[in-house]
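Asks: See my_file-v1.txt below, with compact mmCIF, C-alpha atoms and all ligand atoms.
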# COMPACT_ATOMS: atom_id res chain seq x y z
CA MET A 1 0.74 4.90 2.00
CA PRO A 2 -2.21 6.71 3.59
CA PRO A 3 -5.30 4.63 2.64
CA LEU A 4 -7.69 5.97 5.28
CA PRO A 5 -9.78 9.04 4.56
CA GLY A 6 -8.46 11.98 6.49
CA ALA A 7 -5.50 9.97 7.82
CA SER A 8 -3.01 12.41 6.39
CA PRO A 9 -3.63 15.60 4.50
CA SER A 10 -0.20 15.45 2.92
CA ARG A 11 1.35 13.33 0.21
CA GLN A 12 4.36 11.07 0.71
CA PRO A 13 7.64 12.34 -0.65
CA VAL A 14 8.50 10.76 -3.99
CA HIS A 15 10.69 7.78 -3.11
CA SER A 16 11.97 4.38 -4.16
CA ASP A 17 11.32 1.30 -2.03
CA ALA A 18 14.76 0.02 -3.12
CA ASP A 19 16.48 2.20 -0.52
CA PHE A 20 19.55 -0.04 -0.23
CA ALA A 21 22.42 -1.11 -2.49
CA HIS A 22 20.73 -2.98 -5.32
CA PRO A 23 21.35 -4.31 -8.82
CA SER A 24 20.95 -1.97 -11.81
CA HIS A 25 18.61 -4.47 -13.47
CA PRO A 26 15.29 -5.93 -12.33
CA PHE A 27 15.47 -8.05 -9.17
CA ALA A 28 12.14 -7.52 -7.39
CA LEU A 29 8.57 -6.78 -8.45
CA VAL A 30 5.81 -5.21 -6.37
CA VAL A 31 2.36 -6.64 -7.08
CA ASN A 32 -0.66 -4.64 -5.95
CA VAL A 33 -4.30 -5.73 -6.15
CA PRO A 34 -6.80 -2.98 -5.32
CA LEU A 35 -9.95 -4.31 -3.63
CA VAL A 36 -11.83 -1.09 -4.40
CA ASP A 37 -11.57 1.16 -7.42
CA MET A 38 -8.56 3.45 -7.00
CA THR A 39 -8.71 7.01 -8.25
CA PRO A 40 -6.84 10.25 -7.59
CA ARG A 41 -9.68 11.13 -5.19
CA ASN A 42 -9.15 8.14 -2.90
CA GLY A 43 -5.38 8.36 -3.15
CA SER A 44 -4.18 6.04 -5.89
CA THR A 45 -0.40 5.92 -5.84
CA GLU A 46 1.51 8.44 -7.93
CA VAL A 47 4.07 6.67 -10.11
CA TRP A 48 6.98 8.10 -12.11
CA LEU A 49 7.06 5.91 -15.20
CA GLY A 50 10.48 4.80 -16.39
CA THR A 51 12.39 5.82 -13.27
CA HIS A 52 13.28 2.20 -12.43
CA ASN A 53 15.91 2.68 -15.14
CA HIS A 54 17.29 5.94 -13.71
CA PRO A 55 21.08 5.74 -14.12
CA ASP A 56 21.85 7.17 -10.67
CA GLY A 57 20.15 4.36 -8.73
CA LEU A 58 20.82 4.79 -5.02
CA ASP A 59 22.70 8.08 -5.65
CA ALA A 60 19.38 9.71 -6.58
CA GLN A 61 18.08 9.06 -3.06
CA GLU A 62 18.50 10.54 0.40
CA GLY A 63 17.44 8.98 3.70
CA ALA A 64 18.93 5.63 4.61
CA HIS A 65 16.99 2.38 4.94
CA GLY A 66 15.39 2.08 8.37
CA HIS A 67 15.00 5.83 8.80
CA ARG A 68 11.66 7.56 8.45
CA ALA A 69 10.87 8.52 4.83
CA SER A 70 13.92 6.67 3.54
CA GLY A 71 14.65 6.47 -0.18
CA ARG A 72 13.45 10.03 -0.89
CA ILE A 73 14.41 11.19 -4.37
CA LYS A 74 16.58 14.31 -4.37
CA ALA A 75 14.83 17.45 -5.56
CA ASP A 76 17.27 18.10 -8.42
CA ARG A 77 16.77 14.56 -9.80
CA LEU A 78 12.98 14.97 -9.67
CA ALA A 79 13.16 18.27 -11.52
CA GLU A 80 15.56 16.88 -14.13
CA TRP A 81 13.42 13.80 -14.74
CA GLU A 82 10.18 15.74 -14.99
CA ALA A 83 11.71 18.22 -17.45
CA ALA A 84 13.19 15.49 -19.63
CA HIS A 85 10.51 12.80 -19.47
CA GLY A 86 7.39 14.04 -17.70
CA GLY A 87 5.69 10.74 -17.12
CA LEU A 88 4.45 11.13 -13.56
CA SER A 89 1.01 9.64 -13.32
CA GLN A 90 -1.75 9.06 -10.78
CA PRO A 91 -3.86 6.43 -12.52
CA THR A 92 -7.44 5.29 -12.06
CA ILE A 93 -7.47 1.52 -11.60
CA LYS A 94 -10.44 -0.85 -11.38
CA LYS A 95 -10.77 -3.09 -8.32
CA GLY A 96 -9.37 -6.58 -8.90
CA SER A 97 -6.73 -5.32 -11.32
CA VAL A 98 -3.16 -6.54 -10.96
CA ILE A 99 -0.54 -3.81 -10.89
CA ILE A 100 3.07 -4.85 -11.32
CA ARG A 101 5.94 -2.42 -10.80
CA ASP A 102 9.68 -2.67 -10.46
CA LEU A 103 10.69 -2.20 -6.79
CA ARG A 104 13.04 0.60 -7.90
CA LEU A 105 10.28 2.75 -9.43
CA TRP A 106 9.83 6.22 -7.94
CA HIS A 107 6.36 6.67 -6.45
CA ALA A 108 4.41 8.45 -3.71
CA GLY A 109 1.38 7.60 -1.58
CA MET A 110 -1.30 10.25 -1.99
CA PRO A 111 -3.98 11.67 0.33
CA ASN A 112 -7.39 10.05 0.36
CA THR A 113 -10.06 12.77 0.15
CA SER A 114 -12.96 10.44 -0.76
CA GLY A 115 -14.43 9.61 2.65
CA GLY A 116 -14.04 5.87 1.97
CA VAL A 117 -11.27 3.44 2.84
CA ARG A 118 -8.92 2.45 0.01
CA VAL A 119 -8.01 -1.23 0.42
CA MET A 120 -5.13 -2.76 -1.53
CA LEU A 121 -3.15 -5.98 -1.29
CA ALA A 122 0.61 -5.50 -1.61
CA MET A 123 3.17 -8.22 -2.29
CA ILE A 124 6.83 -8.12 -3.22
CA HIS A 125 8.32 -10.93 -5.27
CA PHE A 126 12.11 -11.31 -5.47
CA ALA A 127 14.00 -13.16 -8.20
CA ASN A 128 15.03 -16.61 -6.99
CA TRP A 129 18.70 -15.73 -7.47
CA TYR A 130 18.36 -12.72 -5.17
CA ARG A 131 19.67 -13.70 -1.75
CA ASN A 132 16.92 -12.16 0.32
CA PRO A 133 17.55 -12.68 4.05
CA MET A 134 13.88 -12.56 5.04
CA ARG A 135 12.23 -15.66 6.48
CA LEU A 136 8.63 -16.67 7.02
CA GLU A 137 7.30 -17.34 10.50
CA LEU A 138 4.72 -20.10 10.48
CA ALA A 139 2.98 -22.12 13.19
CA GLU A 140 4.19 -25.65 13.88
CA ASP A 141 0.85 -27.12 12.81
CA VAL A 142 1.50 -25.98 9.22
CA ARG A 143 4.77 -27.92 9.14
CA PRO A 144 3.32 -31.37 8.23
CA VAL A 145 1.31 -29.78 5.45
CA LEU A 146 4.36 -28.22 3.78
CA GLU A 147 6.55 -31.26 4.45
CA GLY A 148 3.88 -33.53 3.01
CA LEU A 149 3.66 -31.47 -0.16
CA ASP A 150 7.45 -31.39 -0.41
CA SER A 151 7.82 -35.15 0.08
CA ARG A 152 5.36 -35.76 -2.76
CA GLY A 153 7.18 -33.29 -5.01
CA GLU A 154 4.12 -31.02 -5.04
CA LEU A 155 5.56 -27.96 -3.27
CA GLY A 156 8.07 -26.79 -5.85
CA LEU A 157 9.28 -23.98 -3.60
CA ASP A 158 12.21 -23.33 -1.35
CA VAL A 159 10.43 -22.00 1.75
CA PRO A 160 12.68 -20.48 4.43
CA VAL A 161 10.62 -20.81 7.62
CA ASP A 162 11.11 -20.20 11.31
CA TRP A 163 8.64 -22.60 12.98
CA VAL A 164 7.04 -21.22 16.14
CA PRO A 165 4.23 -22.40 18.45
CA LYS A 166 0.76 -21.68 17.14
CA GLU A 167 -0.08 -19.63 20.25
CA ASP A 168 2.78 -17.23 19.42
CA VAL A 169 1.47 -16.74 15.89
CA MET A 170 -2.07 -16.13 17.10
CA LYS A 171 -0.82 -13.53 19.58
CA GLY A 172 1.27 -11.59 17.09
CA TYR A 173 -0.03 -11.99 13.54
CA LEU A 174 -1.96 -8.71 13.54
CA ASN A 175 0.99 -6.85 14.99
CA ARG A 176 3.61 -7.47 12.31
CA ALA A 177 5.89 -4.87 10.84
CA PHE A 178 5.21 -3.94 7.22
CA GLY A 179 6.81 -2.20 4.27
CA ASN A 180 10.32 -0.96 4.70
CA ALA A 181 10.52 -2.20 8.30
CA TYR A 182 11.92 -5.33 6.68
CA ASP A 183 15.42 -5.67 5.31
CA PHE A 184 15.07 -6.16 1.55
CA GLY A 185 18.83 -6.00 0.95
CA GLN A 186 20.73 -8.93 -0.45
CA ALA A 187 22.56 -11.20 2.02
CA PRO A 188 26.34 -11.38 1.39
FE FE B 201 6.83 3.13 -1.17
Since I need it in another form, could you write the structure as structure tokens?
Ligand SMILES: [Fe+2]

Replies:
Amino acid sequence: MPPLPGASPSRQPVHSDADFAHPSHPFALVVNVPLVDMTPRNGSTEVWLGTHNHPDGLDAQEGAHGHRASGRIKADRLAEWEAAHGGLSQPTIKKGSVIIRDLRLWHAGMPNTSGGVRVMLAMIHFANWYRNPMRLELAEDVRPVLEGLDSRGELGLDVPVDWVPKEDVMKGYLNRAFGNAYDFGQAP
């Protein structure tokens, strides 16, 4: 999404972030927390309410995962949905709110014409039965902390981690890929 003022004069194409073969029921939720008020003027995300249940799923999309602007919704499906349901919305949301949406929901990042930066935390949570292949990369000095919590039964999480030297983390942590650069598909 284009959060910086003037970064892009154009809107994103309407798309789904679930641009890979996926279940036809909920399996992942996106959680957003805006750190400033979000309005149509500073580019709050356009959402197409109800489209997470669109019967065509992946068939409604064009552009494969890994390609630029993947998961674009085909023009005929957009027109059909808008005629039948309307429901596209660009909401105003107070800072500190928690926004939860199904990963399959159609949406589009919008231009920021406000002159201020729009800051938003974005997290994706997958169901624990979903065999996500992604792993965390954490520094070795965190290892005793997690292992200590686990040994005392206080962790309560299955944490798939690749342990790397702290220097490597410090060199690369601001240079990570984001969004659809990761493979959200389910491991076989
Ligand atoms: Fe997206």

Asks: Show me, as a Markdown table, the residues of stretch 77-135 of chain A having an atom within 10 Å of stretch 158-171 of chain A, each with the closest atom pair and its distance in Å, using all atoms listed in the file.

Replies:
| residue | atom | partner | partner_atom | distance |
| --- | --- | --- | --- | --- |
| A:Asn128 | CA | A:Asp158 | CA | 9.2 |
| A:Pro133 | CA | A:Pro160 | CA | 9.2 |
| A:Met134 | CA | A:Pro160 | CA | 8.0 |
| A:Arg135 | CA | A:Pro160 | CA | 5.3 |

Asks: With C-alpha atoms retained, could you export that selection as a short mmCIF file (atom, residue, chain, number, x, y, z; two decimals), keeping the file's coordinate frame?

Replies:
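The result, written out as selection.cif:
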data_model
loop_
_atom_site.label_atom_id
_atom_site.label_comp_id
_atom_site.auth_asym_id
_atom_site.auth_seq_id
_atom_site.Cartn_x
_atom_site.Cartn_y
_atom_site.Cartn_z
CA ASN A 128 15.03 -16.61 -6.99
CA PRO A 133 17.55 -12.68 4.05
CA MET A 134 13.88 -12.56 5.04
CA ARG A 135 12.23 -15.66 6.48
#

Asks: Tell me, in Å to one decimal, how far atom CA of A:Ala127 is from atom CA of A:Pro26.

Replies: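 One can read the atom CA of A:Ala127 to atom CA of A:Pro26 distance as 8.4 Å.
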
Asks: Can you work out the spacing between atom CA of A:Thr39 and atom CA of A:Leu174 in Å, to one decimal?

Replies: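 Value for the atom CA of A:Thr39-atom CA of A:Leu174 distance: 27.7 Å.
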
Asks: Let me have all residues with an atom within 9 Å of ligand FE 201 (chain B), counting only C-alpha atoms and all ligand atoms, laid out as a list in words.

Replies: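 These are the residues that qualify: Met1, Gln12, Val14, His15, Ser16, Asp17, Ala18, Gly71, Leu103, Leu105, Trp106, His107, Ala108, Gly109, Gly179 and Asn180 of chain A.
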
Asks: Produce a file of the selected residues containing C-alpha atoms, as a PDB file, in the coordinates of the input.

Replies:
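Listing of again_20.pdb after writing:
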ATOM      1  CA  MET A   1       0.740   4.900   2.000  1.00  0.00           C
ATOM      2  CA  GLN A  12       4.360  11.070   0.710  1.00  0.00           C
ATOM      3  CA  VAL A  14       8.500  10.760  -3.990  1.00  0.00           C
ATOM      4  CA  HIS A  15      10.690   7.780  -3.110  1.00  0.00           C
ATOM      5  CA  SER A  16      11.970   4.380  -4.160  1.00  0.00           C
ATOM      6  CA  ASP A  17      11.320   1.300  -2.030  1.00  0.00           C
ATOM      7  CA  ALA A  18      14.760   0.020  -3.120  1.00  0.00           C
ATOM      8  CA  GLY A  71      14.650   6.470  -0.180  1.00  0.00           C
ATOM      9  CA  LEU A 103      10.690  -2.200  -6.790  1.00  0.00           C
ATOM     10  CA  LEU A 105      10.280   2.750  -9.430  1.00  0.00           C
ATOM     11  CA  TRP A 106       9.830   6.220  -7.940  1.00  0.00           C
ATOM     12  CA  HIS A 107       6.360   6.670  -6.450  1.00  0.00           C
ATOM     13  CA  ALA A 108       4.410   8.450  -3.710  1.00  0.00           C
ATOM     14  CA  GLY A 109       1.380   7.600  -1.580  1.00  0.00           C
ATOM     15  CA  GLY A 179       6.810  -2.200   4.270  1.00  0.00           C
ATOM     16  CA  ASN A 180      10.320  -0.960   4.700  1.00  0.00           C
TER      17      ASN A 180
END

Asks: Could you give me, as a list in words, the residues within 12 Å of A:Leu157, counting all atoms listed in the file and dropping anything in the same chain fewer than 5 positions from it?

Replies: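 Residues near the query, excluding close chain neighbours: Asn128, Leu146, Glu147, Leu149, Asp150 and Ser151 of chain A.
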
Asks: What separation in Å, quoted to one decimal, exists between atom CA of A:Arg77 and atom CA of A:Val47?

Replies: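 So the two atoms, atom CA of A:Arg77 and atom CA of A:Val47, lie 15.0 Å apart.
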
Asks: Can you fill out stretch 123-134 of chain A with all heavy atoms and hand it back as a PDB file, in the coordinates of the input?

Replies:
ATOM      1  N   MET A 123       2.212  -7.109  -2.405  1.00  0.00           N
ATOM      2  CA  MET A 123       3.170  -8.220  -2.290  1.00  0.00           C
ATOM      3  C   MET A 123       4.442  -7.836  -3.009  1.00  0.00           C
ATOM      4  O   MET A 123       4.392  -7.109  -3.999  1.00  0.00           O
ATOM      5  CB  MET A 123       2.594  -9.479  -2.964  1.00  0.00           C
ATOM      6  CG  MET A 123       1.330 -10.008  -2.341  1.00  0.00           C
ATOM      7  SD  MET A 123       0.414 -11.046  -3.507  1.00  0.00           S
ATOM      8  CE  MET A 123      -0.626  -9.811  -4.308  1.00  0.00           C
ATOM      9  N   ILE A 124       5.561  -8.329  -2.517  1.00  0.00           N
ATOM     10  CA  ILE A 124       6.830  -8.120  -3.220  1.00  0.00           C
ATOM     11  C   ILE A 124       7.409  -9.486  -3.551  1.00  0.00           C
ATOM     12  O   ILE A 124       7.519 -10.346  -2.669  1.00  0.00           O
ATOM     13  CB  ILE A 124       7.831  -7.302  -2.378  1.00  0.00           C
ATOM     14  CG1 ILE A 124       7.203  -5.971  -1.962  1.00  0.00           C
ATOM     15  CG2 ILE A 124       9.116  -7.073  -3.155  1.00  0.00           C
ATOM     16  CD1 ILE A 124       8.101  -5.128  -1.070  1.00  0.00           C
ATOM     17  N   HIS A 125       7.758  -9.667  -4.814  1.00  0.00           N
ATOM     18  CA  HIS A 125       8.320 -10.930  -5.270  1.00  0.00           C
ATOM     19  C   HIS A 125       9.764 -10.697  -5.712  1.00  0.00           C
ATOM     20  O   HIS A 125      10.020  -9.834  -6.567  1.00  0.00           O
ATOM     21  CB  HIS A 125       7.510 -11.498  -6.435  1.00  0.00           C
ATOM     22  CG  HIS A 125       6.087 -11.799  -6.063  1.00  0.00           C
ATOM     23  ND1 HIS A 125       5.657 -13.042  -5.691  1.00  0.00           N
ATOM     24  CD2 HIS A 125       5.004 -10.979  -5.961  1.00  0.00           C
ATOM     25  CE1 HIS A 125       4.372 -13.005  -5.391  1.00  0.00           C
ATOM     26  NE2 HIS A 125       3.942 -11.762  -5.546  1.00  0.00           N
ATOM     27  N   PHE A 126      10.688 -11.444  -5.133  1.00  0.00           N
ATOM     28  CA  PHE A 126      12.110 -11.310  -5.470  1.00  0.00           C
ATOM     29  C   PHE A 126      12.512 -12.438  -6.418  1.00  0.00           C
ATOM     30  O   PHE A 126      12.013 -13.566  -6.322  1.00  0.00           O
ATOM     31  CB  PHE A 126      12.960 -11.367  -4.195  1.00  0.00           C
ATOM     32  CG  PHE A 126      12.804 -10.156  -3.320  1.00  0.00           C
ATOM     33  CD1 PHE A 126      11.813 -10.089  -2.357  1.00  0.00           C
ATOM     34  CD2 PHE A 126      13.647  -9.061  -3.470  1.00  0.00           C
ATOM     35  CE1 PHE A 126      11.658  -8.968  -1.555  1.00  0.00           C
ATOM     36  CE2 PHE A 126      13.497  -7.929  -2.679  1.00  0.00           C
ATOM     37  CZ  PHE A 126      12.505  -7.884  -1.715  1.00  0.00           C
ATOM     38  N   ALA A 127      13.451 -12.129  -7.312  1.00  0.00           N
ATOM     39  CA  ALA A 127      14.000 -13.160  -8.200  1.00  0.00           C
ATOM     40  C   ALA A 127      14.616 -14.265  -7.350  1.00  0.00           C
ATOM     41  O   ALA A 127      15.174 -14.005  -6.275  1.00  0.00           O
ATOM     42  CB  ALA A 127      15.055 -12.539  -9.117  1.00  0.00           C
ATOM     43  N   ASN A 128      14.552 -15.513  -7.837  1.00  0.00           N
ATOM     44  CA  ASN A 128      15.030 -16.610  -6.990  1.00  0.00           C
ATOM     45  C   ASN A 128      16.538 -16.602  -6.800  1.00  0.00           C
ATOM     46  O   ASN A 128      17.054 -17.231  -5.899  1.00  0.00           O
ATOM     47  CB  ASN A 128      14.532 -17.968  -7.503  1.00  0.00           C
ATOM     48  CG  ASN A 128      15.090 -18.320  -8.860  1.00  0.00           C
ATOM     49  OD1 ASN A 128      15.804 -17.527  -9.479  1.00  0.00           O
ATOM     50  ND2 ASN A 128      14.768 -19.511  -9.333  1.00  0.00           N
ATOM     51  N   TRP A 129      17.247 -15.827  -7.660  1.00  0.00           N
ATOM     52  CA  TRP A 129      18.700 -15.730  -7.470  1.00  0.00           C
ATOM     53  C   TRP A 129      19.061 -14.630  -6.477  1.00  0.00           C
ATOM     54  O   TRP A 129      20.209 -14.515  -6.051  1.00  0.00           O
ATOM     55  CB  TRP A 129      19.406 -15.461  -8.808  1.00  0.00           C
ATOM     56  CG  TRP A 129      18.773 -14.370  -9.627  1.00  0.00           C
ATOM     57  CD1 TRP A 129      17.947 -14.536 -10.693  1.00  0.00           C
ATOM     58  CD2 TRP A 129      18.911 -12.950  -9.440  1.00  0.00           C
ATOM     59  NE1 TRP A 129      17.548 -13.308 -11.174  1.00  0.00           N
ATOM     60  CE2 TRP A 129      18.132 -12.321 -10.427  1.00  0.00           C
ATOM     61  CE3 TRP A 129      19.625 -12.150  -8.531  1.00  0.00           C
ATOM     62  CZ2 TRP A 129      18.034 -10.928 -10.534  1.00  0.00           C
ATOM     63  CZ3 TRP A 129      19.526 -10.777  -8.630  1.00  0.00           C
ATOM     64  CH2 TRP A 129      18.741 -10.185  -9.627  1.00  0.00           C
ATOM     65  N   TYR A 130      18.082 -13.820  -6.092  1.00  0.00           N
ATOM     66  CA  TYR A 130      18.360 -12.720  -5.170  1.00  0.00           C
ATOM     67  C   TYR A 130      18.374 -13.265  -3.745  1.00  0.00           C
ATOM     68  O   TYR A 130      17.392 -13.860  -3.296  1.00  0.00           O
ATOM     69  CB  TYR A 130      17.279 -11.644  -5.333  1.00  0.00           C
ATOM     70  CG  TYR A 130      17.565 -10.378  -4.565  1.00  0.00           C
ATOM     71  CD1 TYR A 130      18.448  -9.442  -5.063  1.00  0.00           C
ATOM     72  CD2 TYR A 130      16.962 -10.142  -3.336  1.00  0.00           C
ATOM     73  CE1 TYR A 130      18.724  -8.279  -4.350  1.00  0.00           C
ATOM     74  CE2 TYR A 130      17.228  -8.979  -2.623  1.00  0.00           C
ATOM     75  CZ  TYR A 130      18.112  -8.061  -3.136  1.00  0.00           C
ATOM     76  OH  TYR A 130      18.386  -6.918  -2.436  1.00  0.00           O
ATOM     77  N   ARG A 131      19.493 -13.056  -3.049  1.00  0.00           N
ATOM     78  CA  ARG A 131      19.670 -13.700  -1.750  1.00  0.00           C
ATOM     79  C   ARG A 131      19.003 -12.886  -0.633  1.00  0.00           C
ATOM     80  O   ARG A 131      19.667 -12.266   0.193  1.00  0.00           O
ATOM     81  CB  ARG A 131      21.163 -13.907  -1.475  1.00  0.00           C
ATOM     82  CG  ARG A 131      21.826 -14.797  -2.499  1.00  0.00           C
ATOM     83  CD  ARG A 131      23.280 -15.066  -2.167  1.00  0.00           C
ATOM     84  NE  ARG A 131      24.074 -13.852  -2.114  1.00  0.00           N
ATOM     85  CZ  ARG A 131      24.623 -13.250  -3.168  1.00  0.00           C
ATOM     86  NH1 ARG A 131      24.455 -13.762  -4.371  1.00  0.00           N
ATOM     87  NH2 ARG A 131      25.338 -12.151  -3.031  1.00  0.00           N
ATOM     88  N   ASN A 132      17.674 -12.924  -0.665  1.00  0.00           N
ATOM     89  CA  ASN A 132      16.920 -12.160   0.320  1.00  0.00           C
ATOM     90  C   ASN A 132      17.030 -12.822   1.697  1.00  0.00           C
ATOM     91  O   ASN A 132      16.805 -14.018   1.835  1.00  0.00           O
ATOM     92  CB  ASN A 132      15.451 -12.106  -0.130  1.00  0.00           C
ATOM     93  CG  ASN A 132      14.659 -11.124   0.660  1.00  0.00           C
ATOM     94  OD1 ASN A 132      14.592 -11.216   1.877  1.00  0.00           O
ATOM     95  ND2 ASN A 132      14.051 -10.171   0.002  1.00  0.00           N
ATOM     96  N   PRO A 133      17.375 -12.061   2.736  1.00  0.00           N
ATOM     97  CA  PRO A 133      17.550 -12.680   4.050  1.00  0.00           C
ATOM     98  C   PRO A 133      16.252 -12.910   4.819  1.00  0.00           C
ATOM     99  O   PRO A 133      16.268 -13.487   5.893  1.00  0.00           O
ATOM    100  CB  PRO A 133      18.416 -11.640   4.792  1.00  0.00           C
ATOM    101  CG  PRO A 133      17.997 -10.336   4.182  1.00  0.00           C
ATOM    102  CD  PRO A 133      17.678 -10.639   2.730  1.00  0.00           C
ATOM    103  N   MET A 134      15.129 -12.465   4.280  1.00  0.00           N
ATOM    104  CA  MET A 134      13.880 -12.560   5.040  1.00  0.00           C
ATOM    105  C   MET A 134      13.389 -14.004   5.126  1.00  0.00           C
ATOM    106  O   MET A 134      13.542 -14.779   4.188  1.00  0.00           O
ATOM    107  CB  MET A 134      12.812 -11.673   4.406  1.00  0.00           C
ATOM    108  CG  MET A 134      13.123 -10.191   4.543  1.00  0.00           C
ATOM    109  SD  MET A 134      11.738  -9.153   4.061  1.00  0.00           S
ATOM    110  CE  MET A 134      11.624  -9.521   2.327  1.00  0.00           C
TER     111      MET A 134
END
